[in-house]
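As provided, my_file_27.cif (mmCIF, C-alpha atoms) reads as follows.
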```
data_final
#
loop_
_atom_site.label_atom_id
_atom_site.label_comp_id
_atom_site.auth_asym_id
_atom_site.auth_seq_id
_atom_site.Cartn_x
_atom_site.Cartn_y
_atom_site.Cartn_z
CA MET S 17 -29.82 -197.75 -176.09
CA ASN S 18 -30.32 -199.05 -172.54
CA ALA S 19 -33.57 -198.93 -170.56
CA GLN S 20 -32.76 -195.62 -168.88
CA GLU S 21 -31.91 -193.97 -172.19
CA GLU S 22 -35.09 -195.33 -173.75
CA LYS S 23 -37.15 -193.95 -170.86
CA GLN S 24 -35.59 -190.51 -171.15
CA ALA S 25 -36.04 -190.49 -174.94
CA ARG S 26 -39.72 -191.38 -174.48
CA LEU S 27 -40.20 -188.60 -171.93
CA LYS S 28 -38.44 -186.07 -174.16
CA GLU S 29 -40.81 -186.87 -177.00
CA GLN S 30 -43.80 -186.63 -174.66
CA ALA S 31 -42.62 -183.26 -173.35
CA LYS S 32 -42.18 -182.02 -176.92
CA THR S 33 -45.79 -182.97 -177.66
CA ILE S 34 -46.97 -181.16 -174.55
CA ARG S 35 -45.03 -178.05 -175.54
CA ARG S 36 -46.66 -178.13 -178.98
CA HIS S 37 -50.07 -178.32 -177.30
CA ILE S 38 -49.20 -175.35 -175.08
CA VAL S 39 -48.21 -173.15 -178.02
CA ALA S 40 -51.23 -174.17 -180.10
CA MET S 41 -53.69 -173.71 -177.21
CA VAL S 42 -52.50 -170.28 -176.16
CA GLY S 43 -52.21 -169.15 -179.76
CA GLU S 44 -55.77 -170.30 -180.54
CA ALA S 45 -57.10 -168.62 -177.38
CA GLY S 46 -55.27 -165.37 -178.06
CA SER S 47 -54.42 -165.14 -174.37
CA GLY S 48 -52.73 -167.17 -171.67
CA HIS S 49 -49.37 -167.88 -170.09
CA PRO S 50 -46.95 -169.72 -172.38
CA GLY S 51 -43.62 -168.87 -170.68
CA GLY S 52 -44.14 -170.59 -167.35
CA SER S 53 -46.07 -173.44 -168.93
CA LEU S 54 -43.16 -174.25 -171.23
CA SER S 55 -40.60 -174.01 -168.40
CA ALA S 56 -42.54 -176.57 -166.35
CA ALA S 57 -43.26 -179.02 -169.17
CA ASP S 58 -40.46 -181.47 -168.35
CA ILE S 59 -41.34 -181.61 -164.65
CA VAL S 60 -45.03 -182.20 -165.36
CA THR S 61 -44.20 -184.78 -168.04
CA ALA S 62 -41.97 -186.73 -165.66
CA LEU S 63 -44.64 -186.75 -162.97
CA TYR S 64 -47.60 -187.79 -165.13
CA PHE S 65 -45.83 -190.19 -167.47
CA GLU S 66 -43.34 -191.87 -165.15
CA VAL S 67 -43.77 -191.06 -161.48
CA MET S 68 -47.33 -190.64 -160.27
CA ARG S 69 -49.81 -193.41 -159.52
CA VAL S 70 -52.96 -192.27 -161.30
CA ASP S 71 -55.80 -193.79 -163.31
CA PRO S 72 -57.44 -191.51 -165.90
CA GLN S 73 -60.46 -193.85 -165.98
CA ARG S 74 -60.94 -193.30 -162.26
CA PRO S 75 -59.98 -189.66 -161.55
CA ASP S 76 -61.49 -189.94 -158.06
CA TRP S 77 -59.67 -193.19 -157.14
CA PRO S 78 -58.98 -192.73 -153.40
CA ASP S 79 -55.44 -194.15 -153.55
CA ARG S 80 -54.24 -191.99 -156.47
CA ASP S 81 -51.28 -189.65 -156.09
CA ARG S 82 -52.27 -185.98 -156.07
CA PHE S 83 -50.77 -183.10 -158.07
CA VAL S 84 -51.40 -179.46 -157.19
CA LEU S 85 -50.45 -176.80 -159.73
CA SER S 86 -49.93 -173.96 -157.28
CA LYS S 87 -48.88 -171.62 -160.12
CA GLY S 88 -52.34 -171.98 -161.62
CA HIS S 89 -51.72 -169.56 -164.49
CA ALA S 90 -49.60 -172.35 -166.06
CA ALA S 91 -52.84 -174.27 -166.64
CA PRO S 92 -51.94 -175.06 -170.29
CA VAL S 93 -49.17 -177.46 -169.22
CA LEU S 94 -51.52 -179.27 -166.84
CA TYR S 95 -54.34 -179.49 -169.40
CA ALA S 96 -51.95 -180.80 -172.05
CA ALA S 97 -50.63 -183.49 -169.70
CA LEU S 98 -54.12 -184.54 -168.59
CA ALA S 99 -55.33 -184.79 -172.18
CA GLU S 100 -52.28 -186.78 -173.29
CA LYS S 101 -52.74 -189.06 -170.28
CA GLY S 102 -56.35 -189.73 -171.29
CA TYR S 103 -58.45 -187.73 -168.83
CA PHE S 104 -60.29 -186.00 -171.68
CA PRO S 105 -59.97 -185.79 -175.49
CA VAL S 106 -56.91 -184.02 -176.85
CA GLU S 107 -59.16 -182.15 -179.29
CA LYS S 108 -60.69 -180.24 -176.38
CA LEU S 109 -57.35 -178.46 -175.72
CA LEU S 110 -58.04 -175.89 -178.44
CA THR S 111 -61.10 -174.69 -176.50
CA LEU S 112 -58.80 -173.12 -173.87
CA ARG S 113 -60.29 -169.90 -172.45
CA LYS S 114 -63.29 -170.03 -174.79
CA LEU S 115 -66.82 -169.35 -173.57
CA GLY S 116 -68.42 -172.53 -172.27
CA SER S 117 -65.17 -174.52 -172.19
CA PRO S 118 -64.19 -176.28 -168.95
CA LEU S 119 -60.58 -175.34 -169.73
CA GLN S 120 -60.54 -171.96 -168.05
CA GLY S 121 -57.50 -169.71 -167.76
CA HIS S 122 -56.88 -171.23 -164.34
CA PRO S 123 -57.75 -174.85 -163.48
CA ASP S 124 -61.17 -175.61 -161.96
CA MET S 125 -61.43 -178.89 -160.05
CA ARG S 126 -65.22 -178.90 -160.48
CA LYS S 127 -65.05 -178.91 -164.27
CA VAL S 128 -61.90 -180.76 -165.37
CA PRO S 129 -61.27 -184.42 -164.48
CA GLY S 130 -57.83 -184.89 -162.98
CA VAL S 131 -57.54 -181.37 -161.57
CA GLU S 132 -57.10 -181.82 -157.82
CA MET S 133 -57.30 -178.18 -156.75
CA SER S 134 -58.66 -174.96 -158.22
CA THR S 135 -55.66 -172.65 -158.25
CA GLY S 136 -54.69 -169.27 -159.58
CA SER S 137 -54.57 -167.06 -156.52
CA LEU S 138 -50.85 -167.44 -155.98
CA GLY S 139 -49.44 -168.78 -152.74
CA GLN S 140 -52.31 -171.10 -151.85
CA GLY S 141 -51.40 -174.36 -153.56
CA LEU S 142 -48.89 -175.62 -151.03
CA SER S 143 -51.45 -175.17 -148.26
CA ALA S 144 -53.91 -177.28 -150.24
CA ALA S 145 -51.24 -179.95 -150.80
CA LEU S 146 -50.53 -179.92 -147.07
CA GLY S 147 -54.21 -180.54 -146.35
CA MET S 148 -54.30 -183.46 -148.78
CA ALA S 149 -51.21 -184.96 -147.17
CA LEU S 150 -52.67 -184.63 -143.68
CA ALA S 151 -55.93 -186.21 -144.88
CA GLY S 152 -53.99 -189.11 -146.36
CA ARG S 153 -52.26 -189.69 -143.06
CA LEU S 154 -55.56 -189.65 -141.15
CA ASP S 155 -57.12 -192.05 -143.65
CA ARG S 156 -54.05 -194.33 -143.53
CA CYS S 157 -53.56 -194.00 -147.29
CA ASP S 158 -50.13 -194.27 -148.87
CA TYR S 159 -50.58 -191.79 -151.72
CA ARG S 160 -48.09 -188.98 -152.27
CA VAL S 161 -48.85 -185.33 -152.91
CA TYR S 162 -46.83 -183.44 -155.52
CA ALA S 163 -46.95 -179.67 -155.88
CA LEU S 164 -45.47 -177.23 -158.38
CA LEU S 165 -44.73 -173.67 -157.29
CA GLY S 166 -43.46 -170.68 -159.24
CA ASP S 167 -40.36 -168.81 -158.14
CA GLY S 168 -42.14 -165.45 -158.07
CA GLU S 169 -44.93 -167.16 -156.16
CA ILE S 170 -42.72 -167.84 -153.15
CA GLN S 171 -42.78 -164.10 -152.45
CA GLU S 172 -46.22 -164.87 -150.98
CA GLY S 173 -46.26 -165.24 -147.21
CA GLN S 174 -48.76 -168.08 -147.15
CA VAL S 175 -46.17 -170.30 -148.85
CA TRP S 176 -43.96 -170.04 -145.79
CA GLU S 177 -46.80 -170.72 -143.35
CA ALA S 178 -47.47 -173.94 -145.27
CA ALA S 179 -43.75 -174.74 -145.36
CA MET S 180 -43.53 -174.38 -141.59
CA ALA S 181 -46.63 -176.53 -141.03
CA ALA S 182 -45.50 -179.31 -143.39
CA ALA S 183 -42.20 -179.62 -141.53
CA HIS S 184 -43.93 -179.47 -138.14
CA TYR S 185 -46.17 -182.40 -139.09
CA LYS S 186 -43.26 -184.28 -140.70
CA LEU S 187 -45.15 -184.74 -143.97
CA ASP S 188 -42.54 -186.72 -145.87
CA HIS S 189 -45.10 -187.74 -148.51
CA ILE S 190 -45.19 -184.17 -149.87
CA ILE S 191 -42.80 -183.61 -152.77
CA ALA S 192 -42.80 -180.03 -154.06
CA PHE S 193 -41.06 -178.60 -157.10
CA LEU S 194 -39.99 -175.00 -157.52
CA ASP S 195 -40.03 -173.92 -161.18
CA TYR S 196 -37.04 -171.59 -160.86
CA ASN S 197 -36.94 -169.81 -164.22
CA GLY S 198 -35.93 -166.46 -162.72
CA LEU S 199 -38.69 -164.37 -164.30
CA GLN S 200 -42.11 -163.20 -163.18
CA ILE S 201 -44.68 -160.94 -164.82
CA ASP S 202 -42.98 -157.71 -163.71
CA GLY S 203 -39.41 -158.76 -164.52
CA PRO S 204 -36.52 -160.78 -163.03
CA ILE S 205 -37.49 -162.09 -159.62
CA ASN S 206 -34.26 -160.82 -158.09
CA GLN S 207 -35.23 -157.27 -159.10
CA VAL S 208 -38.91 -157.48 -158.13
CA MET S 209 -38.28 -159.03 -154.70
CA SER S 210 -35.39 -161.44 -154.37
CA PRO S 211 -36.23 -164.74 -152.65
CA GLU S 212 -32.57 -165.70 -152.27
CA PRO S 213 -31.07 -167.68 -150.67
CA VAL S 214 -33.86 -170.00 -151.82
CA ALA S 215 -32.36 -173.39 -150.91
CA ASP S 216 -31.20 -172.18 -147.50
CA LYS S 217 -34.68 -170.82 -146.75
CA TRP S 218 -36.38 -174.14 -147.39
CA ARG S 219 -33.74 -175.98 -145.36
CA ALA S 220 -34.22 -173.50 -142.51
CA PHE S 221 -37.95 -174.31 -142.57
CA GLY S 222 -37.12 -177.98 -142.07
CA TRP S 223 -37.41 -179.32 -145.61
CA ALA S 224 -35.13 -181.78 -147.39
CA VAL S 225 -33.84 -179.82 -150.38
CA GLN S 226 -32.35 -180.81 -153.73
CA GLU S 227 -31.26 -178.55 -156.59
CA ILE S 228 -31.46 -179.86 -160.15
CA ASP S 229 -31.65 -178.97 -163.83
CA GLY S 230 -35.41 -178.92 -164.43
CA HIS S 231 -34.99 -179.93 -168.08
CA ASP S 232 -32.87 -183.03 -167.42
CA PHE S 233 -35.11 -186.08 -167.02
CA GLY S 234 -32.33 -188.09 -165.42
CA GLN S 235 -31.96 -185.48 -162.69
CA ILE S 236 -35.73 -185.04 -162.25
CA LEU S 237 -36.36 -188.75 -161.79
CA ALA S 238 -33.33 -189.24 -159.52
CA ALA S 239 -34.47 -186.33 -157.33
CA VAL S 240 -37.98 -187.76 -157.03
CA SER S 241 -36.60 -191.19 -156.15
CA LYS S 242 -34.43 -189.69 -153.42
CA ALA S 243 -37.33 -187.62 -152.10
CA GLN S 244 -39.55 -190.70 -151.93
CA GLN S 245 -37.01 -192.29 -149.61
CA THR S 246 -36.85 -189.30 -147.27
CA LYS S 247 -38.33 -189.90 -143.83
CA GLY S 248 -39.69 -187.32 -141.41
CA ARG S 249 -39.32 -184.22 -143.63
CA PRO S 250 -41.19 -182.73 -146.59
CA ASN S 251 -39.26 -182.41 -149.83
CA MET S 252 -38.45 -179.42 -152.01
CA ILE S 253 -36.84 -179.94 -155.42
CA ILE S 254 -35.54 -176.62 -156.76
CA ALA S 255 -35.54 -177.01 -160.52
CA LYS S 256 -33.54 -174.48 -162.54
CA THR S 257 -35.50 -173.91 -165.71
CA ILE S 258 -35.73 -171.63 -168.73
CA LYS S 259 -38.87 -169.55 -169.20
CA GLY S 260 -40.34 -170.33 -172.62
CA LYS S 261 -38.16 -173.45 -172.96
CA GLY S 262 -38.17 -174.96 -176.46
CA VAL S 263 -39.23 -171.86 -178.40
CA SER S 264 -36.24 -169.73 -179.37
CA PHE S 265 -37.95 -166.34 -179.34
CA MET S 266 -39.68 -167.03 -176.01
CA GLU S 267 -36.73 -168.37 -174.02
CA ASN S 268 -35.70 -166.13 -171.11
CA GLN S 269 -38.02 -163.34 -172.33
CA VAL S 270 -40.19 -161.90 -169.56
CA GLY S 271 -42.72 -160.58 -172.08
CA TRP S 272 -43.91 -164.13 -172.78
CA HIS S 273 -45.06 -164.62 -169.19
CA GLY S 274 -48.63 -163.76 -170.15
CA SER S 275 -48.70 -162.99 -173.88
CA ALA S 276 -50.11 -165.14 -176.67
CA PRO S 277 -48.17 -165.76 -179.89
CA LYS S 278 -49.64 -164.50 -183.16
CA PRO S 279 -50.47 -167.06 -185.91
CA GLU S 280 -47.12 -166.67 -187.66
CA GLN S 281 -45.33 -167.03 -184.31
CA VAL S 282 -47.35 -170.18 -183.54
CA GLU S 283 -46.25 -171.59 -186.88
CA GLN S 284 -42.59 -170.81 -186.16
CA ALA S 285 -42.75 -172.24 -182.64
CA LEU S 286 -44.41 -175.46 -183.78
CA ALA S 287 -41.79 -175.84 -186.49
CA GLU S 288 -39.03 -175.48 -183.89
CA LEU S 289 -40.71 -178.04 -181.65
#
```
Turn this file's structure into structure tokens for me.
Amino acid sequence: MNAQEEKQARLKEQAKTIRRHIVAMVGEAGSGHPGGSLSAADIVTALYFEVMRVDPQRPDWPDRDRFVLSKGHAAPVLYAALAEKGYFPVEKLLTLRKLGSPLQGHPDMRKVPGVEMSTGSLGQGLSAALGMALAGRLDRCDYRVYALLGDGEIQEGQVWEAAMAAAHYKLDHIIAFLDYNGLQIDGPINQVMSPEPVADKWRAFGWAVQEIDGHDFGQILAAVSKAQQTKGRPNMIIAKTIKGKGVSFMENQVGWHGSAPKPEQVEQALAEL
């Protein structure tokens, strides 16, 4: 096994652990959003365990890279990654959505170390990432800002205002991912309100665009590397994913957007993972 294969094998194992956390957390809470958390697990794993410059011991380190989970309802995937990275104890994950826990249903930057932006009202995260990128430029810092958007989320108009502004200011240190799993809470995105042609839209707004398999670590890392070399344009990586990825009875099922598995379903899912 060469170095690249070893890296991808390590990331696959890490993503599997994060998926197990997601299932266990949401099952214990009895509520939450497993589908879109599972679809984004490989992207978030690649960022936190290979790509981003962060220090869990110094969550407010000025030169750290920033990550904004614009689709804030997928908080379980972010919490799982932060815990595995060492921002807080893994044992705290099972307090998700419980009274008094900092791990709310949507991430709160005032309560959870490593959370860069309180999100949950869809459409706002890219604007926040834009502000962070502009601040970095003004402060002459070289950090990058990564953002993760949902495909249903890009039906929000504010996303496109931020897209236009990021291109206008030539913010090439923004790298955004679109978790394109094709499903939102009310059904297939193309039936609710089709965003197609997605890639052409982002290109028309002045972004450098790549389209990848969002579960292939080789493609994820190659796309990030290419985006990091882009000059003068913000970057959008459209990642084709599977809602509920890794759990057979959740995959491509819209009902698992915001439903918690029952104890026997948790047991089955953990066995599969």
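Every polymer residue reaching to within 12 Å of (-63.2, -177.5, -175.0), counting all atoms listed in the file, appears in this list: S:Met41, S:Glu44, S:Ala45, S:Tyr95, S:Ala99, S:Phe104, S:Pro105, S:Val106, S:Glu107, S:Lys108, S:Leu109, S:Leu110, S:Thr111, S:Leu112, S:Arg113, S:Lys114, S:Leu115, S:Gly116, S:Ser117, S:Pro118, S:Leu119, S:Gln120, S:Lys127, S:Val128.
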May I ask for the distance between atom CA of S:Ala62 and atom CA of S:Ile191, given in Å to one decimal place?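 So the answer is 13.3 Å.
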- [ ] Excluding stretch 236-250 of chain S and any residue of its chain fewer than 3 positions from it, enumerate the residues within 6 Å of it, using all atoms listed in the file, and give them as a PyMOL selection string.
- [x] chain S and resi 183+186-188+190+223+233
Answer key for the PyMOL selection byres ((chain S and resi 173) around 12), residues as a ChimeraX atom specification: /S:138-140,142-143,168-172,174-180,211
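Across the chains present, the PyMOL selection byres ((chain S and resi 157) around 12) applied to this file returns S:Trp77, S:Pro78, S:Asp79, S:Arg80, S:Asp81, S:Arg82, S:Met148, S:Ala149, S:Leu150, S:Ala151, S:Gly152, S:Arg153, S:Leu154, S:Asp155, S:Arg156, S:Asp158, S:Tyr159, S:Arg160, S:Val161, S:His189.
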Practice problem: Counting all atoms listed in the file, figure out which residue out of S:Gly222, S:Val84, S:Pro92, S:Leu63 gets nearest to S:His37. | Solution: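 Between S:Gly222, S:Val84, S:Pro92, S:Leu63, the residue approaching S:His37 most closely is S:Pro92.
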Atom pair atom CA of S:His49 + atom CA of S:His273, distance 5.5 Å
Restricting to all atoms listed in the file, whichever of S:Ala40, S:Met133, S:Ala31, S:Ala91 is closest to S:Glu66 is S:Ala31
For S:Gln30, the closest of S:Thr257, S:Gln281, S:Gln207, S:Thr61 counting all atoms listed in the file is S:Thr61
Problem set entry | Answer key for the PyMOL selection byres ((chain S and resi 24-28) around 12), residues as an NGL selection string | :S and (17-23 or 29-35 or 57-67 or 97 or 231-238 or 262 or 289)
Spatial neighbours of stretch 200-204 of chain S, 10 Å, all atoms listed in the file, chain gap at least 5 places, as a PyMOL selection string = chain S and resi 49+51-52+166-169+209-210+259+268-274
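Of the listed residues S:Ser47, S:Thr135, S:Asn251, S:Gln226, the one whose atoms come nearest to S:His89 is S:Thr135, with distances taken using only C-alpha atoms.
Of the listed residues S:Leu164, S:Ser55, S:Glu132, S:Ile38, the one whose atoms come nearest to S:Lys87 is S:Leu164, with distances taken using only C-alpha atoms.
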**Prompt:** Between S:Leu165, S:Glu288, S:Glu283, S:Met68, which one has atoms that come closest to S:Lys261, using all atoms listed in the file?
**Reply:**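 Of all the options, S:Glu288 lies closest to S:Lys261.
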Fewer than 2 positions away in the same chain doesn't count, so skip those; otherwise give me all residues within 9 Å of S:Ala90, counting only C-alpha atoms, as a short mmCIF file (atom, residue, chain, number, x, y, z; two decimals) with C-alpha atoms, keeping the file's coordinate frame.
```cif
data_model
loop_
_atom_site.label_atom_id
_atom_site.label_comp_id
_atom_site.auth_asym_id
_atom_site.auth_seq_id
_atom_site.Cartn_x
_atom_site.Cartn_y
_atom_site.Cartn_z
CA GLY S 48 -52.73 -167.17 -171.67
CA HIS S 49 -49.37 -167.88 -170.09
CA PRO S 50 -46.95 -169.72 -172.38
CA GLY S 51 -43.62 -168.87 -170.68
CA GLY S 52 -44.14 -170.59 -167.35
CA SER S 53 -46.07 -173.44 -168.93
CA LEU S 54 -43.16 -174.25 -171.23
CA ALA S 56 -42.54 -176.57 -166.35
CA LEU S 85 -50.45 -176.80 -159.73
CA SER S 86 -49.93 -173.96 -157.28
CA LYS S 87 -48.88 -171.62 -160.12
CA GLY S 88 -52.34 -171.98 -161.62
CA PRO S 92 -51.94 -175.06 -170.29
CA VAL S 93 -49.17 -177.46 -169.22
CA LEU S 94 -51.52 -179.27 -166.84
CA GLY S 121 -57.50 -169.71 -167.76
CA HIS S 122 -56.88 -171.23 -164.34
CA PRO S 123 -57.75 -174.85 -163.48
CA GLY S 136 -54.69 -169.27 -159.58
#
```
For this session: Measure the distance from atom CA of S:Lys101 to atom CA of S:Arg69 in Å and round it to one decimal.
Result: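 Computing the Euclidean distance for atom CA of S:Lys101 and atom CA of S:Arg69 yields 12.0 Å.
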- Item | Near-S:Ala287 list (10 Å; only C-alpha atoms; drop same-chain fewer than 5 positions) as JSON, numbers by chain | {"S": [36, 263, 281, 282]}
As lines of an AutoDock Vina configuration file, what would the box around stretch 18-32 of chain S look like: edges along x, y and z, 5 Å added on every side, centre and edge lengths in Å to one decimal?
```
center_x = -37.1
center_y = -190.5
center_z = -172.9
size_x = 23.5
size_y = 27.0
size_z = 18.1
```
